[in-house]
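Colleague: First the structure, then my questions, so here it is.
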Amino acid sequence: QVQLAESGGGLVQAGGSLRLSCAGSGSSFSFSTMGWYRQAPGKQRELVASISSGGKINYADFVKGRFTISRDNAKNTVFLQMGSLKPEDTAVYYCNGVIFTWKSFTYWGQGTQVTVSS
């Protein structure tokens with residue numbers, strides 16, 4: 001059973017930093033794309049950043065210059081270094097992974113809460 005396990009959320013003051021980690025397990029295939037989404041109360045889930053196995057990165061405009069995504073392909077792990085955090089970054093952050101075999105399979109972590117106080 002494929003699983004994604006997040007860690008690293010918490011409470012931080014505005015302007016602070018946090019590092020999220022997500023480790024994938026249970027698959028004999030590597031994740032082609034891994035990424036982070038977030039969902040604030042009353043809002044839809046939105047893409048924060050994604051990274052392909054080849055290193056192609058995509059950031060949402062609202063995190064460019066503040067967040068950095070990276071991954072360790074050998075360990076099926078993805079990281080999100082968050083800096084210059086703002087209260088509006090408060091949300092549950094979800095790890096996402098996509099595996100391509102004969103079709104695309106998408107997996108989600110359970111989510112980790114990030115709260116930024118003003």
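By order of appearance in the structure tokens: chains A, B, ..., then residues from 1 within every chain, and ligands from 1 in the order shown.
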Name the residues in contact with region 9-19 of chain A at a cut-off of 10 Å, using only C-alpha atoms, excluding same-chain residues fewer than 5 positions from it; report them as a list of chain:residue names.

Modeller: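 Result of the neighbour search: A:Arg66, A:Phe67, A:Thr68, A:Ile69, A:Phe79, A:Leu80, A:Gln81, A:Met82, A:Gly83, A:Ser84, A:Leu85, A:Lys86, A:Pro87, A:Glu88, A:Asp89, A:Thr90, A:Ala91, A:Val92, A:Tyr93, A:Gly111, A:Thr112, A:Gln113, A:Val114, A:Thr115, A:Val116, A:Ser117, A:Ser118.
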
Colleague: Would you kindly return, as a ChimeraX atom specification, each protein, DNA or RNA residue with an atom no farther than 7 Å from any atom of region 32-35 of chain A, considering only C-alpha atoms and excluding same-chain residues fewer than 5 positions away?

Modeller: /A:49-53,78,95-100

Colleague: Could you tell me how far CA of Gln110 (chain A) sits from CA of Asn58 (chain A), in Å to one decimal place?

Modeller: 22.1 Å

Colleague: Go ahead and compute the interatomic distance for CA of Asp72 (chain A) and CA of Trp36 (chain A), in Å to one decimal.

Modeller: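 Interatomic distance, CA of Asp72 (chain A) to CA of Trp36 (chain A): 14.7 Å.
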
Colleague: Between CA of Leu4 (chain A) and CA of Asp61 (chain A), measure the distance and give it in Å to one decimal.

Modeller: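 Atom-to-atom, CA of Leu4 (chain A) to CA of Asp61 (chain A), that is 25.2 Å.
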
Colleague: Any chance you could list, as a PyMOL selection string, the residues in chain A that come up strand (DSSP E or B) when DSSP is run on the backbone?

Modeller: chain A and resi 3-7+10-13+18-25+33-39+46-52+57-59+67-72+77-82+91-100+104-108+112-117
